[in-house]
file data-v8.pdb (PDB, C-alpha atoms)
ATOM      1  CA  MET A 233     -13.375  13.893 -55.821
ATOM      2  CA  HIS A 234     -11.315  16.462 -53.925
ATOM      3  CA  LEU A 235     -11.609  19.931 -55.458
ATOM      4  CA  PRO A 236      -8.390  21.964 -55.233
ATOM      5  CA  LEU A 237     -10.172  25.290 -54.656
ATOM      6  CA  ASN A 238      -7.021  27.331 -54.020
ATOM      7  CA  ALA A 239      -5.452  26.033 -57.207
ATOM      8  CA  LEU A 240      -8.643  26.783 -59.160
ATOM      9  CA  ARG A 241      -8.634  30.334 -57.797
ATOM     10  CA  VAL A 242      -5.022  30.749 -58.885
ATOM     11  CA  PHE A 243      -5.874  29.313 -62.305
ATOM     12  CA  GLU A 244      -8.760  31.777 -62.740
ATOM     13  CA  ALA A 245      -6.620  34.800 -61.867
ATOM     14  CA  SER A 246      -3.706  33.616 -64.041
ATOM     15  CA  ALA A 247      -6.025  32.964 -66.977
ATOM     16  CA  ARG A 248      -7.524  36.454 -66.700
ATOM     17  CA  HIS A 249      -4.150  38.179 -66.571
ATOM     18  CA  LEU A 250      -2.169  35.645 -68.648
ATOM     19  CA  ASN A 251       0.691  36.711 -66.409
ATOM     20  CA  LEU A 252       1.900  34.968 -63.254
ATOM     21  CA  THR A 253       3.284  38.140 -61.678
ATOM     22  CA  HIS A 254      -0.009  40.001 -62.031
ATOM     23  CA  ALA A 255      -1.940  37.015 -60.685
ATOM     24  CA  ALA A 256       0.376  36.775 -57.684
ATOM     25  CA  HIS A 257      -0.066  40.483 -56.969
ATOM     26  CA  GLU A 258      -3.863  40.191 -57.080
ATOM     27  CA  LEU A 259      -3.907  37.159 -54.788
ATOM     28  CA  HIS A 260      -1.234  38.533 -52.396
ATOM     29  CA  VAL A 261       1.026  35.492 -52.772
ATOM     30  CA  THR A 262       4.417  34.897 -54.351
ATOM     31  CA  GLN A 263       4.894  34.066 -58.003
ATOM     32  CA  THR A 264       6.460  30.797 -56.888
ATOM     33  CA  ALA A 265       3.274  29.879 -55.038
ATOM     34  CA  VAL A 266       1.191  30.671 -58.134
ATOM     35  CA  SER A 267       3.413  28.460 -60.295
ATOM     36  CA  GLN A 268       3.200  25.627 -57.768
ATOM     37  CA  HIS A 269      -0.605  25.775 -57.622
ATOM     38  CA  ILE A 270      -0.852  25.665 -61.415
ATOM     39  CA  ARG A 271       1.545  22.701 -61.632
ATOM     40  CA  ASN A 272      -0.447  20.869 -58.954
ATOM     41  CA  LEU A 273      -3.722  21.519 -60.781
ATOM     42  CA  GLU A 274      -2.289  20.343 -64.105
ATOM     43  CA  THR A 275      -0.990  17.220 -62.405
ATOM     44  CA  HIS A 276      -4.371  16.680 -60.758
ATOM     45  CA  LEU A 277      -6.177  16.974 -64.115
ATOM     46  CA  GLY A 278      -3.526  15.199 -66.142
ATOM     47  CA  LYS A 279      -3.613  17.945 -68.764
ATOM     48  CA  PRO A 280      -1.694  21.179 -69.375
ATOM     49  CA  LEU A 281      -3.753  24.352 -68.915
ATOM     50  CA  PHE A 282      -1.198  26.935 -70.072
ATOM     51  CA  ARG A 283       1.489  27.268 -72.658
ATOM     52  CA  ARG A 284       4.478  29.216 -71.336
ATOM     53  CA  LEU A 285       5.546  31.986 -73.716
ATOM     54  CA  PRO A 286       8.572  34.307 -73.561
ATOM     55  CA  ARG A 287       6.273  37.141 -72.431
ATOM     56  CA  GLY A 288       3.452  35.638 -70.467
ATOM     57  CA  LEU A 289       1.060  32.743 -70.871
ATOM     58  CA  ALA A 290      -1.454  31.353 -73.343
ATOM     59  CA  LEU A 291      -4.319  29.022 -72.522
ATOM     60  CA  THR A 292      -4.375  25.543 -74.010
ATOM     61  CA  ASP A 293      -7.637  24.167 -75.391
ATOM     62  CA  GLU A 294      -8.242  22.519 -72.023
ATOM     63  CA  GLY A 295      -7.613  25.793 -70.224
ATOM     64  CA  GLN A 296      -9.986  27.642 -72.557
ATOM     65  CA  ALA A 297     -12.709  25.085 -71.815
ATOM     66  CA  LEU A 298     -12.184  25.247 -68.053
ATOM     67  CA  LEU A 299     -11.976  29.044 -67.602
ATOM     68  CA  PRO A 300     -15.646  30.075 -68.130
ATOM     69  CA  ILE A 301     -16.861  27.288 -65.833
ATOM     70  CA  VAL A 302     -14.456  28.256 -63.048
ATOM     71  CA  SER A 303     -15.184  31.999 -63.444
ATOM     72  CA  GLU A 304     -18.941  31.450 -63.340
ATOM     73  CA  SER A 305     -18.678  29.157 -60.324
ATOM     74  CA  PHE A 306     -16.586  31.582 -58.284
ATOM     75  CA  GLY A 307     -18.910  34.425 -59.281
ATOM     76  CA  ALA A 308     -21.984  32.497 -58.136
ATOM     77  CA  LEU A 309     -20.266  31.586 -54.870
ATOM     78  CA  GLN A 310     -19.323  35.205 -54.219
ATOM     79  CA  ARG A 311     -22.878  36.419 -54.874
ATOM     80  CA  ALA A 312     -24.312  33.757 -52.556
ATOM     81  CA  LEU A 313     -21.902  34.706 -49.758
ATOM     82  CA  GLU A 314     -22.717  38.397 -50.197
ATOM     83  CA  GLN A 315     -26.414  37.635 -49.792
ATOM     84  CA  LEU A 316     -25.777  35.583 -46.645
ATOM     85  CA  THR A 317     -23.619  38.269 -45.052
ATOM     86  CA  ASP A 318     -25.808  41.232 -46.092
ATOM     87  CA  SER A 319     -27.258  42.408 -42.797
ATOM     88  CA  ARG A 320     -29.374  45.171 -44.308
ATOM     89  CA  PRO A 321     -33.135  44.679 -43.900
ATOM     90  CA  ARG A 322     -35.082  44.156 -47.114
ATOM     91  CA  GLU A 323     -36.493  47.374 -48.543
ATOM     92  CA  VAL A 324     -39.435  47.736 -50.906
ATOM     93  CA  LEU A 325     -38.694  49.904 -53.953
ATOM     94  CA  THR A 326     -41.624  50.854 -56.174
ATOM     95  CA  VAL A 327     -40.734  52.099 -59.646
ATOM     96  CA  GLY A 328     -43.130  53.256 -62.334
ATOM     97  CA  VAL A 329     -41.751  52.633 -65.829
ATOM     98  CA  VAL A 330     -42.883  53.512 -69.330
ATOM     99  CA  GLY A 331     -43.821  50.161 -70.880
ATOM    100  CA  THR A 332     -41.474  50.567 -73.848
ATOM    101  CA  PHE A 333     -38.474  51.188 -71.584
ATOM    102  CA  ALA A 334     -39.481  48.359 -69.242
ATOM    103  CA  VAL A 335     -39.677  45.728 -71.985
ATOM    104  CA  GLY A 336     -36.943  47.056 -74.268
ATOM    105  CA  TRP A 337     -34.257  47.900 -71.699
ATOM    106  CA  LEU A 338     -35.047  47.142 -68.065
ATOM    107  CA  LEU A 339     -36.418  43.577 -68.075
ATOM    108  CA  PRO A 340     -33.424  42.035 -69.904
ATOM    109  CA  ARG A 341     -31.154  43.489 -67.174
ATOM    110  CA  LEU A 342     -33.396  42.937 -64.160
ATOM    111  CA  ARG A 343     -31.667  39.762 -63.015
ATOM    112  CA  ASP A 344     -28.357  41.622 -62.790
ATOM    113  CA  PHE A 345     -29.883  44.223 -60.480
ATOM    114  CA  GLN A 346     -31.496  41.583 -58.280
ATOM    115  CA  GLU A 347     -28.244  39.644 -57.960
ATOM    116  CA  ARG A 348     -26.287  42.779 -57.070
ATOM    117  CA  HIS A 349     -28.855  44.148 -54.614
ATOM    118  CA  PRO A 350     -30.749  41.253 -53.029
ATOM    119  CA  PHE A 351     -31.948  43.465 -50.146
ATOM    120  CA  VAL A 352     -34.187  45.407 -52.557
ATOM    121  CA  ASP A 353     -37.734  44.111 -53.006
ATOM    122  CA  LEU A 354     -38.452  45.698 -56.383
ATOM    123  CA  ARG A 355     -42.019  46.445 -57.496
ATOM    124  CA  LEU A 356     -42.507  47.545 -61.130
ATOM    125  CA  LEU A 357     -45.595  49.342 -62.386
ATOM    126  CA  THR A 358     -45.775  49.996 -66.139
ATOM    127  CA  ASN A 359     -47.564  52.938 -67.696
ATOM    128  CA  ASN A 360     -47.967  54.972 -70.885
ATOM    129  CA  ASN A 361     -45.903  57.899 -69.577
ATOM    130  CA  ARG A 362     -48.725  59.272 -67.454
ATOM    131  CA  VAL A 363     -47.988  58.891 -63.747
ATOM    132  CA  ASP A 364     -49.062  60.323 -60.413
ATOM    133  CA  MET A 365     -45.992  59.633 -58.302
ATOM    134  CA  ALA A 366     -47.544  60.653 -55.002
ATOM    135  CA  GLY A 367     -50.908  59.026 -55.663
ATOM    136  CA  GLU A 368     -49.351  55.741 -56.818
ATOM    137  CA  GLY A 369     -46.762  55.660 -54.041
ATOM    138  CA  LEU A 370     -43.803  55.590 -56.438
ATOM    139  CA  ASP A 371     -40.246  55.988 -55.228
ATOM    140  CA  TYR A 372     -39.061  56.543 -58.791
ATOM    141  CA  ALA A 373     -40.642  56.929 -62.210
ATOM    142  CA  ILE A 374     -38.767  56.351 -65.455
ATOM    143  CA  ARG A 375     -40.541  58.485 -68.034
ATOM    144  CA  PHE A 376     -40.067  60.069 -71.425
ATOM    145  CA  GLY A 377     -40.000  63.801 -72.065
ATOM    146  CA  ASP A 378     -37.950  66.948 -71.568
ATOM    147  CA  GLY A 379     -37.211  66.466 -67.871
ATOM    148  CA  ALA A 380     -39.374  69.405 -66.787
ATOM    149  CA  TRP A 381     -41.981  68.035 -64.379
ATOM    150  CA  HIS A 382     -43.133  70.328 -61.580
ATOM    151  CA  GLY A 383     -41.878  69.375 -58.141
ATOM    152  CA  THR A 384     -39.752  66.589 -59.579
ATOM    153  CA  HIS A 385     -36.030  65.863 -59.590
ATOM    154  CA  ALA A 386     -35.103  64.406 -62.980
ATOM    155  CA  GLU A 387     -31.874  62.725 -64.106
ATOM    156  CA  GLN A 388     -31.296  61.866 -67.764
ATOM    157  CA  VAL A 389     -30.674  58.178 -68.402
ATOM    158  CA  LEU A 390     -31.168  57.408 -72.114
ATOM    159  CA  GLU A 391     -31.561  59.259 -75.392
ATOM    160  CA  ALA A 392     -33.810  57.312 -77.748
ATOM    161  CA  PRO A 393     -34.383  59.059 -81.096
ATOM    162  CA  LEU A 394     -37.109  57.717 -83.367
ATOM    163  CA  SER A 395     -36.583  56.057 -86.756
ATOM    164  CA  PRO A 396     -38.908  54.253 -89.180
ATOM    165  CA  MET A 397     -38.990  50.491 -88.586
ATOM    166  CA  CYS A 398     -40.820  47.756 -90.483
ATOM    167  CA  THR A 399     -40.553  44.160 -91.680
ATOM    168  CA  PRO A 400     -37.683  43.186 -94.005
ATOM    169  CA  ALA A 401     -40.201  42.526 -96.798
ATOM    170  CA  MET A 402     -41.713  45.990 -96.486
ATOM    171  CA  ALA A 403     -38.269  47.595 -96.303
ATOM    172  CA  ARG A 404     -37.288  46.373 -99.777
ATOM    173  CA  GLY A 405     -39.220  49.206-101.391
ATOM    174  CA  LEU A 406     -37.853  51.915 -99.098
ATOM    175  CA  ILE A 407     -34.851  53.578-100.691
ATOM    176  CA  GLN A 408     -35.471  57.191 -99.728
ATOM    177  CA  PRO A 409     -37.838  59.017 -97.346
ATOM    178  CA  ALA A 410     -40.340  59.854-100.094
ATOM    179  CA  ASP A 411     -41.000  56.120-100.572
ATOM    180  CA  LEU A 412     -42.777  56.057 -97.218
ATOM    181  CA  ALA A 413     -45.757  57.823 -98.761
ATOM    182  CA  LYS A 414     -46.690  54.559-100.510
ATOM    183  CA  LEU A 415     -47.090  52.619 -97.243
ATOM    184  CA  PRO A 416     -49.354  52.705 -94.173
ATOM    185  CA  LEU A 417     -47.674  54.815 -91.499
ATOM    186  CA  LEU A 418     -48.609  53.538 -88.056
ATOM    187  CA  ARG A 419     -48.723  55.987 -85.171
ATOM    188  CA  THR A 420     -49.435  56.481 -81.481
ATOM    189  CA  TYR A 421     -51.475  59.203 -79.821
ATOM    190  CA  ARG A 422     -48.480  61.518 -80.418
ATOM    191  CA  ALA A 423     -49.821  62.369 -83.860
ATOM    192  CA  GLU A 424     -47.198  65.023 -84.619
ATOM    193  CA  GLU A 425     -44.237  62.619 -84.695
ATOM    194  CA  TRP A 426     -44.549  61.679 -88.357
ATOM    195  CA  SER A 427     -45.086  65.337 -89.348
ATOM    196  CA  ASP A 428     -41.950  66.331 -87.443
ATOM    197  CA  TRP A 429     -39.943  63.447 -88.930
ATOM    198  CA  PHE A 430     -40.858  64.429 -92.489
ATOM    199  CA  ALA A 431     -40.115  68.088 -91.721
ATOM    200  CA  ASN A 432     -36.643  67.014 -90.568
ATOM    201  CA  VAL A 433     -35.945  65.400 -93.944
ATOM    202  CA  GLY A 434     -37.412  68.355 -95.863
ATOM    203  CA  LEU A 435     -40.588  66.695 -97.128
ATOM    204  CA  PRO A 436     -44.305  67.326 -96.602
ATOM    205  CA  CYS A 437     -45.993  64.700 -94.483
ATOM    206  CA  PRO A 438     -48.234  62.406 -96.532
ATOM    207  CA  VAL A 439     -51.750  61.547 -95.507
ATOM    208  CA  LEU A 440     -51.497  59.168 -92.541
ATOM    209  CA  ARG A 441     -53.521  56.066 -93.323
ATOM    210  CA  GLY A 442     -52.236  53.626 -90.719
ATOM    211  CA  ALA A 443     -53.885  52.565 -87.474
ATOM    212  CA  VAL A 444     -53.408  54.469 -84.216
ATOM    213  CA  PHE A 445     -52.078  52.661 -81.107
ATOM    214  CA  ASP A 446     -51.972  53.590 -77.447
ATOM    215  CA  SER A 447     -48.399  52.398 -76.838
ATOM    216  CA  SER A 448     -45.122  51.900 -78.661
ATOM    217  CA  LEU A 449     -45.168  48.202 -77.730
ATOM    218  CA  THR A 450     -48.380  47.473 -79.628
ATOM    219  CA  LEU A 451     -47.209  49.796 -82.384
ATOM    220  CA  ALA A 452     -43.994  47.788 -82.799
ATOM    221  CA  GLU A 453     -45.824  44.469 -82.752
ATOM    222  CA  ALA A 454     -48.179  45.700 -85.475
ATOM    223  CA  ALA A 455     -45.185  46.753 -87.581
ATOM    224  CA  ALA A 456     -43.504  43.371 -86.990
ATOM    225  CA  GLN A 457     -46.644  41.657 -88.283
ATOM    226  CA  GLY A 458     -46.583  43.697 -91.483
ATOM    227  CA  ALA A 459     -49.326  46.250 -90.767
ATOM    228  CA  GLY A 460     -47.145  49.192 -91.805
ATOM    229  CA  VAL A 461     -44.161  51.328 -90.884
ATOM    230  CA  ALA A 462     -43.756  52.515 -87.287
ATOM    231  CA  LEU A 463     -41.718  55.389 -85.919
ATOM    232  CA  LEU A 464     -39.917  53.813 -82.958
ATOM    233  CA  PRO A 465     -37.000  54.340 -80.545
ATOM    234  CA  VAL A 466     -34.558  51.905 -82.141
ATOM    235  CA  LYS A 467     -32.471  51.450 -78.972
ATOM    236  CA  LEU A 468     -35.455  49.884 -77.213
ATOM    237  CA  PHE A 469     -36.236  47.386 -79.961
ATOM    238  CA  SER A 470     -32.804  45.812 -80.411
ATOM    239  CA  ARG A 471     -34.265  42.356 -79.739
ATOM    240  CA  GLU A 472     -36.666  42.691 -82.681
ATOM    241  CA  LEU A 473     -33.751  43.861 -84.837
ATOM    242  CA  SER A 474     -31.531  40.944 -83.820
ATOM    243  CA  GLN A 475     -34.381  38.498 -84.473
ATOM    244  CA  GLY A 476     -34.978  39.996 -87.922
ATOM    245  CA  ARG A 477     -38.621  40.799 -87.148
ATOM    246  CA  LEU A 478     -37.988  44.511 -87.689
ATOM    247  CA  VAL A 479     -35.396  46.424 -89.665
ATOM    248  CA  ARG A 480     -34.437  50.082 -89.899
ATOM    249  CA  PRO A 481     -34.536  50.891 -93.629
ATOM    250  CA  LEU A 482     -33.792  54.637 -93.307
ATOM    251  CA  THR A 483     -31.237  56.184 -90.965
ATOM    252  CA  PHE A 484     -32.947  59.572 -90.527
ATOM    253  CA  GLU A 485     -33.827  60.192 -86.871
ATOM    254  CA  LEU A 486     -36.181  62.388 -84.898
ATOM    255  CA  SER A 487     -35.398  63.373 -81.311
ATOM    256  CA  LYS A 488     -38.552  64.068 -79.326
ATOM    257  CA  GLY A 489     -37.237  63.677 -75.807
ATOM    258  CA  THR A 490     -35.204  61.566 -73.420
ATOM    259  CA  TYR A 491     -35.845  58.924 -70.780
ATOM    260  CA  TRP A 492     -35.429  60.283 -67.264
ATOM    261  CA  LEU A 493     -35.179  58.798 -63.784
ATOM    262  CA  THR A 494     -37.461  60.979 -61.680
ATOM    263  CA  ARG A 495     -38.502  61.301 -58.055
ATOM    264  CA  LEU A 496     -40.501  63.827 -56.099
ATOM    265  CA  GLN A 497     -38.268  66.568 -54.698
ATOM    266  CA  SER A 498     -39.977  65.993 -51.359
ATOM    267  CA  ARG A 499     -38.912  62.316 -51.387
ATOM    268  CA  SER A 500     -35.656  61.647 -49.531
ATOM    269  CA  PRO A 501     -33.685  58.838 -51.206
ATOM    270  CA  THR A 502     -33.520  55.534 -49.333
ATOM    271  CA  SER A 503     -30.785  52.905 -49.510
ATOM    272  CA  ALA A 504     -32.860  50.984 -52.054
ATOM    273  CA  MET A 505     -33.360  54.105 -54.153
ATOM    274  CA  ASP A 506     -29.634  54.870 -54.076
ATOM    275  CA  ALA A 507     -28.812  51.292 -55.103
ATOM    276  CA  PHE A 508     -31.232  51.392 -58.049
ATOM    277  CA  ARG A 509     -30.053  54.808 -59.225
ATOM    278  CA  GLN A 510     -26.361  53.887 -59.091
ATOM    279  CA  TRP A 511     -26.982  50.583 -60.877
ATOM    280  CA  LEU A 512     -29.080  52.244 -63.585
ATOM    281  CA  LEU A 513     -26.536  54.978 -64.270
ATOM    282  CA  SER A 514     -23.614  52.538 -64.242
ATOM    283  CA  CYS A 515     -25.393  50.444 -66.897
ATOM    284  CA  MET A 516     -25.918  53.535 -69.043
ATOM    285  CA  HIS A 517     -22.380  54.857 -68.565
ATOM    286  CA  PRO A 518     -20.183  51.846 -67.775
ATOM    287  CA  PHE A 519     -16.890  53.737 -68.091
TER
END

call {"tool": "encode", "arguments": {"input": "data-v8.pdb", "output": "structure tokens"}}
result
Amino acid sequence: MHLPLNALRVFEASARHLNLTHAAHELHVTQTAVSQHIRNLETHLGKPLFRRLPRGLALTDEGQALLPIVSESFGALQRALEQLTDSRPREVLTVGVVGTFAVGWLLPRLRDFQERHPFVDLRLLTNNNRVDMAGEGLDYAIRFGDGAWHGTHAEQVLEAPLSPMCTPAMARGLIQPADLAKLPLLRTYRAEEWSDWFANVGLPCPVLRGAVFDSSLTLAEAAAQGAGVALLPVKLFSRELSQGRLVRPLTFELSKGTYWLTRLQSRSPTSAMDAFRQWLLSCMHPF
């Protein structure tokens, strides 16, 4: 079957704009040519794709069904062509990442980075916020803190305040902060977090009876399995929230630091480093 690629391209642009004039301007053709391509495609398919309105266009059911397939296909074709024509040599980029940030934010978006920057050979090393950038050969480290690391250039990427999180069943008895005293309060090696959280809400910290964990990932999994209440960065556990494994019963927050993109001041940025930095910041601040 002959695929009318030009007509499909015109259809995709017209469907995005829902305006023939705007589509013609984008494609650098006349409005008459756009109309002709759409008529030819509708004739080819035997179905109308647009309804003509006094001020623009509206997609028919057939047009609505076709648009995402055409958009995805042209997008995949463009990415493939960009990879074929990218003459830059592949560059290794080694990034150390706090495990919580890696699992909660970076991994779900990793495919997007790889598709946009195929010349980068990305190596990820996870850690518990303790890194030796020079000793481990890291180009970048994404870590949590106040941004003040000696000999390091740090750029803020994400604020992630902490809030109590637990299973929906455990949350039923949590109406106010004082109710937490009746439950096991899980914690990491940062033992002061619960004390600071209770101080923020004007209450003395109860005796901490919950287990101690060496990472927020294991802490969150323990909370999801009903072991107690965990103080977690909610933004990095959105998947557990959407799945209903964890809920946030109280809205009070504690800010203990920020996630930073860091590099040694002695390290000159490479093309791969620039690509990763720009992609990361554009994801955080899309507008």

call {"tool": "closest_residue", "arguments": {"input": "data-v8.pdb", "among": "A:Arg375, A:Arg419, A:Arg404, A:Lys488", "to": "Ala334 (chain A)", "atoms": "all atoms listed in the file"}}
result
A:Arg375

call {"tool": "atom_distance", "arguments": {"input": "data-v8.pdb", "atom1": "CA of Phe508 (chain A)", "atom2": "CA of His382 (chain A)"}}
result
22.6 Å

call {"tool": "residues_around", "arguments": {"input": "data-v8.pdb", "residues": "Val439 (chain A)", "least_positions_apart": "5", "cutoff": "12 Å", "atoms": "all atoms listed in the file", "output": "ChimeraX atom specification"}}
result
/A:412-418,423,426-427,430

call {"tool": "closest_residue", "arguments": {"input": "data-v8.pdb", "among": "A:Leu468, A:Phe351, A:Tyr491, A:Pro409", "to": "Glu387 (chain A)", "atoms": "all atoms listed in the file"}}
result
A:Tyr491

call {"tool": "residues_around", "arguments": {"input": "data-v8.pdb", "residues": "region 476-480 of chain A", "least_positions_apart": "3", "cutoff": "12 Å", "atoms": "only C-alpha atoms", "output": "ChimeraX atom specification"}}
result
/A:394-404,406-407,451-467,469-473,483-485
